[in-house]
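Student: Got a structure for you, my_file-v4.cif, holding mmCIF, C-alpha atoms.
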data_data
#
loop_
_atom_site.label_atom_id
_atom_site.label_comp_id
_atom_site.auth_asym_id
_atom_site.auth_seq_id
_atom_site.Cartn_x
_atom_site.Cartn_y
_atom_site.Cartn_z
CA MET M 1052 19.01 -72.52 -11.51
CA SER M 1053 18.34 -73.76 -8.01
CA ASP M 1054 21.24 -74.50 -5.65
CA THR M 1055 19.31 -77.44 -4.25
CA PRO M 1056 20.50 -80.78 -5.62
CA ARG M 1057 18.07 -82.43 -7.98
CA PRO M 1058 17.36 -85.48 -5.71
CA ALA M 1059 16.58 -83.16 -2.79
CA ARG M 1060 14.22 -81.11 -4.97
CA ALA M 1061 12.51 -84.26 -6.18
CA ARG M 1062 12.19 -85.49 -2.61
CA ARG M 1063 10.65 -82.17 -1.50
CA LEU M 1064 8.14 -82.22 -4.34
CA THR M 1065 7.07 -85.79 -3.69
CA ALA M 1066 7.03 -85.56 0.12
CA PRO M 1067 3.26 -84.92 0.40
CA VAL M 1068 2.40 -88.08 -1.51
CA MET M 1069 5.41 -90.25 -0.57
CA PRO M 1070 5.97 -89.85 3.18
CA GLY M 1071 9.13 -91.24 4.75
CA ARG M 1072 12.85 -90.83 4.36
CA ASP M 1073 15.09 -90.83 1.32
CA THR M 1074 16.46 -94.24 2.24
CA ASP M 1075 12.96 -95.67 2.23
CA TYR M 1076 12.90 -95.62 -1.53
CA ARG M 1077 16.18 -97.47 -1.76
CA ASP M 1078 14.96 -99.97 0.79
CA PRO M 1079 11.40 -101.24 0.44
CA ALA M 1080 11.42 -102.93 3.85
CA ALA M 1081 12.26 -99.63 5.58
CA ALA M 1082 9.56 -97.88 3.58
CA ARG M 1083 7.02 -100.51 4.54
CA LEU M 1084 7.96 -100.29 8.21
CA HIS M 1085 7.75 -96.48 8.24
CA LYS M 1086 4.27 -96.71 6.71
CA ILE M 1087 3.16 -99.33 9.24
CA ALA M 1088 4.51 -97.16 12.07
CA ALA M 1089 2.77 -94.04 10.75
CA GLU M 1090 -0.53 -95.93 10.60
CA ARG M 1091 0.08 -97.50 14.03
CA ARG M 1092 -0.84 -100.93 12.70
CA THR M 1093 -0.67 -104.26 14.48
CA GLY M 1094 0.32 -107.50 12.78
CA ARG M 1095 3.11 -109.31 11.00
CA LEU M 1096 5.33 -108.27 8.11
CA PRO M 1097 6.60 -111.49 6.52
CA PHE M 1098 9.80 -111.64 4.49
CA ALA M 1099 9.76 -114.11 1.64
CA GLY M 1100 12.63 -116.35 0.63
CA SER M 1101 14.61 -119.23 2.02
CA ASP M 1102 16.33 -116.89 4.48
CA GLY M 1103 13.13 -115.04 5.33
CA GLY M 1104 11.31 -114.43 8.55
CA ALA M 1105 8.95 -111.81 9.93
CA ILE M 1106 8.76 -108.61 11.89
CA TYR M 1107 5.91 -108.32 14.37
CA VAL M 1108 4.42 -104.94 15.06
CA GLN M 1109 1.96 -103.68 17.59
CA ASP M 1110 0.49 -100.18 17.40
CA GLY M 1111 3.24 -99.26 14.97
CA LYS M 1112 6.08 -100.44 17.21
CA VAL M 1113 8.25 -103.47 16.63
CA VAL M 1114 7.76 -106.03 19.38
CA TYR M 1115 9.52 -109.03 17.85
CA ALA M 1116 11.41 -110.21 14.78
CA GLU M 1117 12.54 -113.61 13.61
CA SER M 1118 14.82 -114.80 10.83
CA ARG M 1119 15.67 -118.30 9.70
CA ARG M 1120 19.37 -117.36 9.73
CA THR M 1121 19.60 -116.07 13.30
CA PRO M 1122 18.99 -117.80 16.64
CA GLY M 1123 15.69 -116.73 18.16
CA PRO M 1124 15.18 -115.28 21.60
CA GLY M 1125 13.84 -118.53 23.04
CA ALA M 1126 16.97 -119.76 24.74
CA THR M 1127 18.24 -116.43 26.01
CA ALA M 1128 14.80 -115.29 27.14
CA ALA M 1129 14.31 -118.54 29.01
CA LEU M 1130 17.67 -118.03 30.68
CA ALA M 1131 16.73 -114.51 31.69
CA ARG M 1132 13.37 -115.67 33.07
CA SER M 1133 14.91 -118.46 35.07
CA ALA M 1134 17.54 -116.05 36.39
CA THR M 1135 14.79 -113.83 37.75
CA GLY M 1136 12.66 -116.70 39.03
CA GLU M 1137 9.82 -116.09 36.60
CA GLN M 1138 7.95 -119.17 35.48
CA ALA M 1139 5.32 -117.58 33.27
CA GLY M 1140 5.63 -118.28 29.57
CA ILE M 1141 6.20 -115.61 26.97
CA PRO M 1142 3.38 -115.33 24.45
CA PRO M 1143 4.71 -116.41 21.07
CA GLY M 1144 5.15 -113.48 18.77
CA TYR M 1145 5.11 -110.85 21.49
CA PRO M 1146 7.90 -111.77 23.92
CA LEU M 1147 8.82 -108.19 24.77
CA LEU M 1148 5.49 -107.75 26.53
CA GLN M 1149 6.43 -109.88 29.49
CA ALA M 1150 9.93 -108.58 29.97
CA ARG M 1151 10.55 -106.47 33.05
CA SER M 1152 14.26 -105.87 33.64
CA VAL M 1153 17.00 -104.58 31.38
CA THR M 1154 18.51 -108.06 31.28
CA GLU M 1155 15.22 -109.66 30.34
CA ILE M 1156 14.40 -107.11 27.68
CA LEU M 1157 17.91 -107.29 26.27
CA ALA M 1158 17.55 -111.08 26.06
CA VAL M 1159 14.69 -110.54 23.62
CA ALA M 1160 15.61 -107.20 22.07
CA GLU M 1161 19.06 -108.36 20.96
CA PRO M 1162 17.76 -111.36 18.93
CA THR M 1163 14.97 -109.13 17.60
CA VAL M 1164 17.44 -106.52 16.34
CA ASP M 1165 19.68 -109.31 15.06
CA ALA M 1166 16.83 -110.84 13.05
CA ALA M 1167 15.82 -107.43 11.72
CA LEU M 1168 19.43 -106.80 10.66
CA GLU M 1169 19.45 -110.08 8.76
CA LEU M 1170 16.08 -109.41 7.12
CA MET M 1171 17.00 -105.85 6.15
CA SER M 1172 20.44 -106.84 4.85
CA GLY M 1173 19.70 -110.04 2.97
CA GLU M 1174 18.04 -110.77 -0.31
CA SER M 1175 14.63 -111.48 1.16
CA ARG M 1176 11.90 -108.96 0.44
CA PRO M 1177 8.90 -108.01 2.54
CA SER M 1178 5.59 -109.39 1.36
CA ARG M 1179 2.07 -108.32 2.30
CA PHE M 1180 1.53 -107.04 5.83
CA ARG M 1181 -0.90 -109.29 7.64
CA PRO M 1182 -2.97 -107.66 10.33
CA ALA M 1183 -3.26 -109.68 13.49
CA SER M 1184 -4.73 -109.05 16.87
CA GLY M 1185 -2.34 -107.97 19.56
CA PRO M 1186 -1.87 -109.57 22.92
CA ALA M 1187 -4.99 -110.00 24.97
CA ALA M 1188 -3.90 -107.84 27.86
CA GLY M 1189 -1.19 -105.55 28.95
CA ARG M 1190 0.54 -102.51 27.58
CA ALA M 1191 2.89 -103.25 24.75
CA PRO M 1192 6.33 -101.73 25.02
CA GLY M 1193 8.02 -101.82 21.67
CA ILE M 1194 10.90 -100.53 19.64
CA SER M 1195 10.07 -97.57 17.46
CA VAL M 1196 10.68 -98.24 13.79
CA ALA M 1197 13.03 -95.25 13.54
CA ALA M 1198 15.11 -96.51 16.46
CA LEU M 1199 15.24 -100.04 15.08
CA LEU M 1200 16.32 -98.84 11.64
CA ALA M 1201 18.97 -96.58 13.21
CA GLU M 1202 20.36 -99.53 15.16
CA VAL M 1203 20.27 -101.75 12.08
CA ALA M 1204 22.12 -99.08 10.08
CA ARG M 1205 24.73 -98.70 12.84
CA ARG M 1206 25.33 -102.45 12.81
CA GLN M 1207 25.55 -102.49 9.03
CA ARG M 1208 28.30 -99.83 9.21
CA LEU M 1209 30.18 -101.93 11.77
CA LEU M 1210 29.80 -105.02 9.60
CA GLY M 1211 31.08 -102.92 6.71
CA GLN M 1212 34.23 -102.12 8.72
CA MET M 1213 34.81 -105.82 9.33
CA ALA M 1214 33.77 -107.08 5.92
CA THR M 1215 37.18 -107.00 4.27
CA VAL M 1216 38.37 -109.56 6.81
CA LEU M 1217 35.36 -111.19 8.37
CA THR M 1218 31.67 -111.73 7.74
CA ALA M 1219 29.17 -113.82 9.66
CA ASP M 1220 29.90 -116.69 7.28
CA THR M 1221 33.70 -116.56 7.19
CA ALA M 1222 35.36 -119.78 8.35
CA ILE M 1223 37.84 -119.34 11.20
CA VAL M 1224 40.35 -121.51 13.05
CA ARG M 1225 42.03 -121.21 16.43
CA SER M 1226 45.52 -119.77 16.14
CA PRO M 1227 48.07 -122.54 16.67
CA HIS M 1228 50.56 -120.13 18.26
CA LEU M 1229 49.41 -117.80 21.01
CA PRO M 1230 50.97 -114.35 20.73
CA HIS M 1231 51.39 -114.07 24.53
CA ARG M 1232 52.32 -116.45 27.32
CA SER M 1233 49.10 -115.48 29.10
CA ILE M 1234 46.14 -113.52 27.89
CA ARG M 1235 42.91 -112.41 29.52
CA VAL M 1236 39.60 -113.02 27.77
CA SER M 1237 36.02 -112.55 28.92
CA ALA M 1238 33.77 -115.47 29.82
CA ARG M 1239 31.91 -115.03 26.54
CA GLN M 1240 35.15 -115.00 24.56
CA TRP M 1241 36.32 -118.13 26.34
CA ALA M 1242 33.01 -119.89 25.63
CA LEU M 1243 33.45 -118.94 22.01
CA LEU M 1244 37.10 -119.96 21.80
CA ILE M 1245 36.55 -123.46 23.15
CA ARG M 1246 33.84 -124.07 20.54
CA VAL M 1247 35.88 -122.97 17.54
CA GLN M 1248 36.62 -125.88 15.26
CA ASP M 1249 38.25 -125.77 11.87
CA GLY M 1250 35.74 -124.15 9.57
CA SER M 1251 33.49 -122.69 12.26
CA THR M 1252 31.85 -119.43 11.30
CA PRO M 1253 30.53 -116.68 13.58
CA ARG M 1254 27.02 -117.75 12.54
CA ASP M 1255 27.71 -121.37 13.57
CA LEU M 1256 28.99 -120.15 16.92
CA ALA M 1257 25.97 -117.92 17.40
CA TRP M 1258 23.66 -120.88 16.96
CA ALA M 1259 25.83 -123.04 19.22
CA LEU M 1260 25.81 -120.44 21.99
CA SER M 1261 22.28 -119.05 21.39
CA ARG M 1262 23.74 -115.58 20.89
CA SER M 1263 23.07 -113.04 18.21
CA VAL M 1264 24.96 -113.45 14.96
CA PHE M 1265 26.06 -109.80 15.08
CA SER M 1266 27.49 -110.09 18.60
CA MET M 1267 29.37 -113.26 17.66
CA THR M 1268 30.78 -111.62 14.53
CA ALA M 1269 31.98 -108.63 16.57
CA GLU M 1270 33.43 -110.90 19.23
CA VAL M 1271 35.24 -113.07 16.67
CA TYR M 1272 36.66 -109.90 15.11
CA ARG M 1273 38.02 -108.91 18.54
CA LEU M 1274 39.62 -112.34 18.86
CA LEU M 1275 41.12 -111.84 15.41
CA THR M 1276 42.65 -108.54 16.53
CA MET M 1277 44.02 -110.36 19.60
CA ARG M 1278 45.37 -113.03 17.21
CA LEU M 1279 43.64 -115.82 19.12
CA VAL M 1280 41.79 -116.97 16.01
CA ALA M 1281 42.57 -116.61 12.33
CA VAL M 1282 40.60 -116.68 9.13
CA ASP M 1283 40.63 -120.19 7.67
CA HIS M 1284 42.29 -119.86 4.28
CA GLY M 1285 42.23 -123.60 3.61
CA PRO M 1286 44.86 -126.36 3.75
CA ARG M 1287 47.47 -124.63 1.58
CA ARG M 1288 47.81 -121.69 3.95
CA LYS M 1289 47.75 -123.88 7.05
CA THR M 1290 51.14 -125.28 6.06
CA GLU M 1291 52.72 -121.90 6.81
CA PRO M 1292 52.67 -121.80 10.63
CA ASP M 1293 55.34 -119.14 11.01
CA GLU M 1294 53.46 -116.63 8.96
CA ALA M 1295 52.73 -113.67 11.22
CA PRO M 1296 49.10 -112.61 10.96
CA ALA M 1297 48.56 -108.98 10.09
CA ARG M 1298 47.56 -106.69 12.91
CA LEU M 1299 43.95 -105.66 12.33
CA ALA M 1300 42.44 -102.29 13.06
CA ALA M 1301 40.03 -102.32 15.98
CA LEU M 1302 36.35 -101.70 15.30
CA SER M 1303 35.40 -98.04 15.51
CA PHE M 1304 31.99 -97.58 17.10
CA ILE M 1305 32.23 -93.80 16.94
CA ARG M 1306 32.76 -93.99 13.18
CA ALA M 1307 29.60 -96.08 12.95
CA VAL M 1308 27.45 -93.34 14.49
CA SER M 1309 29.18 -90.19 13.32
CA VAL M 1310 27.39 -90.02 10.00
CA GLU M 1311 26.31 -86.48 9.37
CA LYS M 1312 22.67 -85.64 9.17
CA GLY M 1313 21.34 -86.52 5.75
CA ASP M 1314 24.40 -88.55 4.85
CA THR M 1315 22.68 -91.86 5.18
CA MET M 1316 24.57 -95.03 4.52
CA PRO M 1317 23.12 -97.47 2.02
CA LEU M 1318 21.09 -100.05 3.88
CA ARG M 1319 22.06 -102.73 1.41
CA THR M 1320 25.78 -102.92 0.88
CA PRO M 1321 26.25 -105.76 -1.56
CA GLY M 1322 28.34 -108.52 -0.07
CA ALA M 1323 29.76 -106.39 2.72
CA GLY M 1324 27.13 -104.63 4.79
CA SER M 1325 25.01 -107.70 5.02
CA GLY M 1326 27.70 -109.77 6.66
CA ILE M 1327 26.61 -112.55 4.36
CA ASP M 1328 28.76 -114.31 1.80
CA ARG M 1329 26.75 -114.85 -1.31
CA MET B 1162 21.06 -103.49 46.13
CA PHE B 1163 19.20 -101.12 43.87
CA PRO B 1164 15.58 -102.04 43.25
CA ARG B 1165 14.68 -103.67 39.98
CA ALA B 1166 12.10 -101.53 38.29
CA PRO B 1167 9.77 -102.25 35.41
CA VAL B 1168 11.18 -100.89 32.21
CA SER B 1169 9.91 -100.42 28.73
CA LEU B 1170 11.41 -99.94 25.34
CA CYS B 1171 11.35 -96.51 23.86
CA SER B 1172 13.46 -94.41 21.61
CA ARG B 1173 14.91 -91.01 22.12
CA ALA B 1174 15.80 -88.78 19.26
CA SER B 1175 19.25 -87.29 19.29
CA GLN B 1176 19.54 -83.71 18.22
CA HIS B 1177 22.90 -84.53 16.69
CA GLY B 1178 23.22 -86.40 13.47
CA GLY B 1179 19.52 -87.09 13.13
CA GLU B 1180 19.93 -90.60 14.55
CA GLU B 1181 17.77 -92.13 17.20
CA ALA B 1182 19.53 -93.97 19.96
CA PHE B 1183 18.09 -97.39 20.52
CA VAL B 1184 17.39 -97.50 24.21
CA ILE B 1185 15.59 -99.53 26.78
CA ASP B 1186 14.44 -96.93 29.21
CA ASP B 1187 11.99 -96.76 32.04
CA GLU B 1188 9.43 -94.07 32.24
CA ALA B 1189 10.03 -93.29 35.89
CA GLY B 1190 13.77 -92.81 35.56
CA ALA B 1191 14.99 -96.12 37.05
CA PRO B 1192 17.25 -98.08 36.74
CA LEU B 1193 19.68 -95.19 36.26
CA GLY B 1194 18.01 -93.13 38.97
CA PRO B 1195 20.84 -93.51 41.51
CA VAL B 1196 23.39 -92.36 38.94
CA ALA B 1197 21.28 -89.33 38.10
CA GLY B 1198 21.70 -88.21 41.70
CA ILE B 1199 25.44 -87.65 41.29
CA ASP B 1200 26.39 -83.97 41.54
CA GLY B 1201 26.81 -82.43 38.10
CA PHE B 1202 24.98 -85.27 36.33
CA LEU B 1203 24.45 -84.65 32.62
CA LEU B 1204 23.97 -88.08 31.04
CA GLY B 1205 24.02 -91.71 32.07
CA CYS B 1206 23.57 -94.75 29.89
CA LEU B 1207 24.00 -98.49 29.90
CA VAL B 1208 25.62 -99.90 26.78
CA ASP B 1209 25.89 -103.54 25.73
CA ALA B 1210 29.65 -104.05 25.91
CA VAL B 1211 29.65 -106.48 22.98
CA THR B 1212 27.39 -104.85 20.42
CA GLY B 1213 27.58 -101.21 21.51
CA MET B 1214 23.79 -100.96 21.63
CA VAL B 1215 22.45 -98.40 24.10
CA VAL B 1216 20.04 -100.30 26.33
CA ALA B 1217 19.10 -97.63 28.86
CA SER B 1218 19.70 -93.94 29.14
CA ARG B 1219 18.85 -90.95 31.24
CA SER B 1220 19.76 -87.40 30.46
CA ASP B 1221 18.95 -84.02 31.86
CA HIS B 1222 20.24 -82.29 28.74
CA ASP B 1223 18.76 -82.86 25.30
CA ASP B 1224 21.77 -81.37 23.55
CA ILE B 1225 24.14 -84.22 24.45
CA ASN B 1226 24.78 -86.67 21.65
CA LEU B 1227 23.89 -89.97 23.29
CA PRO B 1228 24.92 -92.31 20.42
CA ALA B 1229 28.32 -90.59 20.16
CA ALA B 1230 28.91 -90.73 23.93
CA ALA B 1231 28.05 -94.43 24.01
CA ALA B 1232 30.14 -95.21 20.94
CA ALA B 1233 33.11 -93.29 22.32
CA ALA B 1234 32.88 -95.28 25.55
CA MET B 1235 32.92 -98.49 23.53
CA ASP B 1236 35.98 -97.42 21.55
CA ILE B 1237 37.87 -96.33 24.68
CA ALA B 1238 37.01 -99.49 26.60
CA GLN B 1239 37.92 -101.63 23.61
CA ALA B 1240 41.27 -99.91 23.08
CA LEU B 1241 42.16 -100.18 26.76
CA SER B 1242 41.09 -103.83 26.89
CA LEU B 1243 43.46 -104.53 24.00
CA LEU B 1244 46.19 -102.66 25.87
CA ALA B 1245 45.44 -104.76 28.95
CA THR B 1246 46.18 -107.91 26.98
CA GLU B 1247 49.71 -106.57 26.40
CA LEU B 1248 50.35 -105.59 30.02
CA PRO B 1249 50.53 -107.61 33.24
CA THR B 1250 47.25 -106.21 34.59
CA ASP B 1251 44.15 -107.85 35.98
CA GLY B 1252 41.67 -106.35 33.54
CA LEU B 1253 39.98 -103.03 32.95
CA GLU B 1254 37.92 -101.60 35.81
CA ASP B 1255 36.93 -98.08 34.88
CA VAL B 1256 37.98 -95.19 32.71
CA LEU B 1257 38.01 -91.56 33.82
CA VAL B 1258 38.36 -88.90 31.16
CA THR B 1259 38.56 -85.22 31.99
CA PHE B 1260 37.53 -82.59 29.50
CA ARG B 1261 37.87 -78.91 30.32
CA ASP B 1262 34.21 -78.66 31.18
CA GLN B 1263 33.08 -82.26 31.62
CA LEU B 1264 34.02 -85.49 33.31
CA TYR B 1265 33.45 -88.79 31.58
CA VAL B 1266 33.27 -91.92 33.71
CA THR B 1267 32.96 -95.37 32.15
CA ARG B 1268 32.80 -98.56 34.15
CA LEU B 1269 32.26 -102.18 33.20
CA ILE B 1270 29.36 -103.87 34.99
CA ASN B 1271 29.08 -107.66 35.27
CA THR B 1272 32.67 -108.42 34.38
CA ASP B 1273 32.04 -112.13 33.91
CA ALA B 1274 28.25 -112.36 33.87
CA GLU B 1275 25.90 -111.93 30.94
CA PRO B 1276 25.06 -109.47 29.62
CA GLN B 1277 28.22 -107.41 29.89
CA LEU B 1278 27.20 -103.78 30.25
CA LEU B 1279 29.15 -100.54 30.28
CA LEU B 1280 27.92 -97.72 32.44
CA VAL B 1281 28.72 -94.33 30.95
CA VAL B 1282 28.26 -91.16 32.99
CA LEU B 1283 28.89 -87.60 31.84
CA LEU B 1284 29.22 -84.91 34.52
CA ASP B 1285 29.54 -81.16 34.60
CA ARG B 1286 33.09 -80.60 35.80
CA GLY B 1287 32.16 -77.37 37.58
CA GLN B 1288 29.67 -79.15 39.83
CA ALA B 1289 31.06 -82.65 40.14
CA ASN B 1290 33.67 -84.12 42.46
CA LEU B 1291 35.57 -86.77 40.51
CA ALA B 1292 36.46 -88.90 43.54
CA MET B 1293 32.90 -88.86 44.88
CA ALA B 1294 31.47 -89.52 41.43
CA ARG B 1295 33.74 -92.50 40.93
CA ARG B 1296 32.76 -93.86 44.32
CA GLU B 1297 29.04 -93.53 43.51
CA VAL B 1298 29.49 -95.12 40.10
CA ARG B 1299 31.37 -98.00 41.69
CA ALA B 1300 28.59 -98.46 44.26
CA PHE B 1301 25.95 -98.45 41.54
CA CYS B 1302 27.80 -101.08 39.52
CA ALA B 1303 28.39 -103.26 42.58
CA GLY B 1304 24.69 -103.22 43.40
CA TYR B 1305 23.37 -103.40 39.87
CA ALA B 1306 20.90 -106.26 39.59
CA GLY B 1307 19.98 -106.15 35.94
#
Translate the structure described by the file into structure tokens.

Tutor:
Amino acid sequence: MSDTPRPARARRLTAPVMPGRDTDYRDPAAARLHKIAAERRTGRLPFAGSDGGAIYVQDGKVVYAESRRTPGPGATAALARSATGEQAGIPPGYPLLQARSVTEILAVAEPTVDAALELMSGESRPSRFRPASGPAAGRAPGISVAALLAEVARRQRLLGQMATVLTADTAIVRSPHLPHRSIRVSARQWALLIRVQDGSTPRDLAWALSRSVFSMTAEVYRLLTMRLVAVDHGPRRKTEPDEAPARLAALSFIRAVSVEKGDTMPLRTPGAGSGIDR
Amino acid sequence: MFPRAPVSLCSRASQHGGEEAFVIDDEAGAPLGPVAGIDGFLLGCLVDAVTGMVVASRSDHDDINLPAAAAAAMDIAQALSLLATELPTDGLEDVLVTFRDQLYVTRLINTDAEPQLLLVVLLDRGQANLAMARREVRAFCAGYAG
């Protein structure tokens, strides 16, 4: 009797004909992306469904992603370009190609990762890869598929930590009673706070501020821990103003990356990991 | 001001945990080049202070766990920021952690501008001077132009 667990033995036996990682076979989108990367293909991987979108690939590297449920890079990329004095337009579908500074690339990479997170976490499924020609000129920097999937998995673990209290679609309200006489918040947190209305969700705020849904969810969670906002439990609970909100545990980023080798987290955590209420 | 250099996206495999750190890095070593000149330099990275995503990194040692170093910096900065809300202080500036063999310097760049970035620098304690390192990190952050 072999000491090797049966799934590991099966994986070893099928490795020559089924390249990729164990998680690939639990997640068809990851499997498809690994295959596209291995073949260094260029084109578009569409995701079907009402909350679908697409991941754009060049030479096996992800250069762009879009989802109907996340704000695109248009606004932030335009801001970054104007900040650096660049007037040239970004070619649709391949905005990373024109980026030059960390700020500019982050302005596109963050929405790209955000869209990929939504596509990989939701119910939409990848359909047929459509080859397309790449940009006419220029070298194409891109995100390796492995790196993108690692970042998506890290974010899914963080969303999993928050999911018992907050998802991207949880309604929030501003706390009527501040816990301190004065409190310091960042410019982004202030911009978020002044836009919170009864029933706002992190996703609504992300669209309002042209920020990624993940970053807004994380930021709202921080404001929850600071007791500046509260989860909207509806009119019945709002009549209890003296109720002290529970102190929440802070997000643990180290816990989100300290998964041992081989101990991969499920890419689709029903209801929780996706950050989507369904 | 430090020069703005062309950068590209690439990934770097971590030897720990089998995870790849998602990084925006430049092939020539900028924009973290000035930090890499600090005595005892082991690792430097820029981390998005909101999402925890590593956006640039430079390391002279492949055996350092970049995702863990970045994540630890996020947790420390986050905990101290929460503490700062409870105390009459004017906000977090930097964090200096001393291990027996390493120094760990974290500093917030762009306090009010977007994007908010954390600079994380790991140094060999035997070769580094903490005061000088902090001064150089502060100068880098003051001159950082994105």

Student: Taking the file as I've supplied it (selection: the PyMOL selection byres ((chain M) within 7 of (chain B))), which residues are included? Please answer as an mmCIF file with C-alpha atoms, in the frame of the given file.

Tutor:
data_model
loop_
_atom_site.group_PDB
_atom_site.id
_atom_site.type_symbol
_atom_site.label_atom_id
_atom_site.label_comp_id
_atom_site.auth_asym_id
_atom_site.auth_seq_id
_atom_site.Cartn_x
_atom_site.Cartn_y
_atom_site.Cartn_z
ATOM 1 C CA ARG M 1151 10.550 -106.470 33.050
ATOM 2 C CA SER M 1152 14.260 -105.870 33.640
ATOM 3 C CA VAL M 1153 17.000 -104.580 31.380
ATOM 4 C CA THR M 1154 18.510 -108.060 31.280
ATOM 5 C CA PRO M 1192 6.330 -101.730 25.020
ATOM 6 C CA GLY M 1193 8.020 -101.820 21.670
ATOM 7 C CA ILE M 1194 10.900 -100.530 19.640
ATOM 8 C CA SER M 1195 10.070 -97.570 17.460
ATOM 9 C CA ALA M 1197 13.030 -95.250 13.540
ATOM 10 C CA ALA M 1198 15.110 -96.510 16.460
ATOM 11 C CA LEU M 1199 15.240 -100.040 15.080
ATOM 12 C CA ALA M 1201 18.970 -96.580 13.210
ATOM 13 C CA GLU M 1202 20.360 -99.530 15.160
ATOM 14 C CA ILE M 1234 46.140 -113.520 27.890
ATOM 15 C CA ARG M 1235 42.910 -112.410 29.520
ATOM 16 C CA SER M 1237 36.020 -112.550 28.920
ATOM 17 C CA ALA M 1238 33.770 -115.470 29.820
ATOM 18 C CA SER M 1266 27.490 -110.090 18.600
ATOM 19 C CA GLU M 1270 33.430 -110.900 19.230
ATOM 20 C CA SER M 1303 35.400 -98.040 15.510
ATOM 21 C CA PHE M 1304 31.990 -97.580 17.100
ATOM 22 C CA ILE M 1305 32.230 -93.800 16.940
ATOM 23 C CA VAL M 1308 27.450 -93.340 14.490
ATOM 24 C CA SER M 1309 29.180 -90.190 13.320
ATOM 25 C CA VAL M 1310 27.390 -90.020 10.000
ATOM 26 C CA GLU M 1311 26.310 -86.480 9.370
ATOM 27 C CA LYS M 1312 22.670 -85.640 9.170
#

Student: What does the distance between CA of Pro1079 in chain M and CA of Leu1200 in chain M come to in Å, to one decimal place?

Tutor: 12.5 Å

Student: Gly1100 in chain M: which residues within 8 Å, counting all atoms listed in the file, same-chain residues fewer than 2 positions away excluded, as an NGL selection string?

Tutor: :M and (1098 or 1102-1103 or 1174-1176)

Student: Write out as number ranges by chain the residues lying within 12 Å of range 1254-1256 of chain M, counting all atoms listed in the file and excluding same-chain residues fewer than 2 positions away.

Tutor: M: 1119-1122, 1165, 1169, 1217-1223, 1239-1240, 1242-1252, 1258-1271, 1326-1328

Student: If you measure from CA of Ala1167 in chain M to CA of Ala1281 in chain M, what distance in Å do you get, rounded to one decimal?

Tutor: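 One can read the CA of Ala1167 in chain M to CA of Ala1281 in chain M distance as 28.3 Å.
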
Student: Which polymer residues, whether protein, DNA or RNA, lie within 12 Å of the coordinate (25.0, -88.4, 38.1) when you count only C-alpha atoms? List them as an MDAnalysis selection string, using the chain letters and numbers from the file.

Tutor: chainID B and resid 1193:1206 1218:1221 1264:1266 1280:1286 1288:1291 1293:1298 1301

Student: State, in Å with one decimal place, the distance from CA of Ile1225 in chain B to CA of Phe1260 in chain B.

Tutor: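 Spanning CA of Ile1225 in chain B to CA of Phe1260 in chain B is a straight-line distance of 14.4 Å.
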
Student: Please reconstruct the missing atoms of range 1220-1230 of chain M (target: N, CA and C atoms) and return them as a short mmCIF file (atom, residue, chain, number, x, y, z; two decimals), in the frame of the given file.

Tutor:
data_model
loop_
_atom_site.label_atom_id
_atom_site.label_comp_id
_atom_site.auth_asym_id
_atom_site.auth_seq_id
_atom_site.Cartn_x
_atom_site.Cartn_y
_atom_site.Cartn_z
N ASP M 1220 29.75 -115.37 7.88
CA ASP M 1220 29.90 -116.69 7.28
C ASP M 1220 31.34 -117.01 6.88
N THR M 1221 32.29 -116.28 7.45
CA THR M 1221 33.70 -116.56 7.19
C THR M 1221 34.19 -117.67 8.12
N ALA M 1222 34.84 -118.67 7.54
CA ALA M 1222 35.36 -119.78 8.35
C ALA M 1222 36.61 -119.30 9.12
N ILE M 1223 36.69 -119.72 10.37
CA ILE M 1223 37.84 -119.34 11.20
C ILE M 1223 38.46 -120.59 11.84
N VAL M 1224 39.67 -120.44 12.30
CA VAL M 1224 40.35 -121.51 13.05
C VAL M 1224 41.02 -120.88 14.27
N ARG M 1225 41.26 -121.71 15.28
CA ARG M 1225 42.03 -121.21 16.43
C ARG M 1225 43.48 -121.05 16.02
N SER M 1226 44.11 -119.98 16.48
CA SER M 1226 45.52 -119.77 16.14
C SER M 1226 46.37 -120.84 16.82
N PRO M 1227 47.24 -121.49 16.06
CA PRO M 1227 48.07 -122.54 16.67
C PRO M 1227 49.11 -121.97 17.63
N HIS M 1228 49.52 -120.73 17.42
CA HIS M 1228 50.56 -120.13 18.26
C HIS M 1228 50.01 -118.90 18.95
N LEU M 1229 49.91 -118.96 20.28
CA LEU M 1229 49.41 -117.80 21.01
C LEU M 1229 50.46 -116.69 20.98
N PRO M 1230 50.01 -115.44 20.79
CA PRO M 1230 50.97 -114.35 20.73
C PRO M 1230 51.54 -113.97 22.09
#
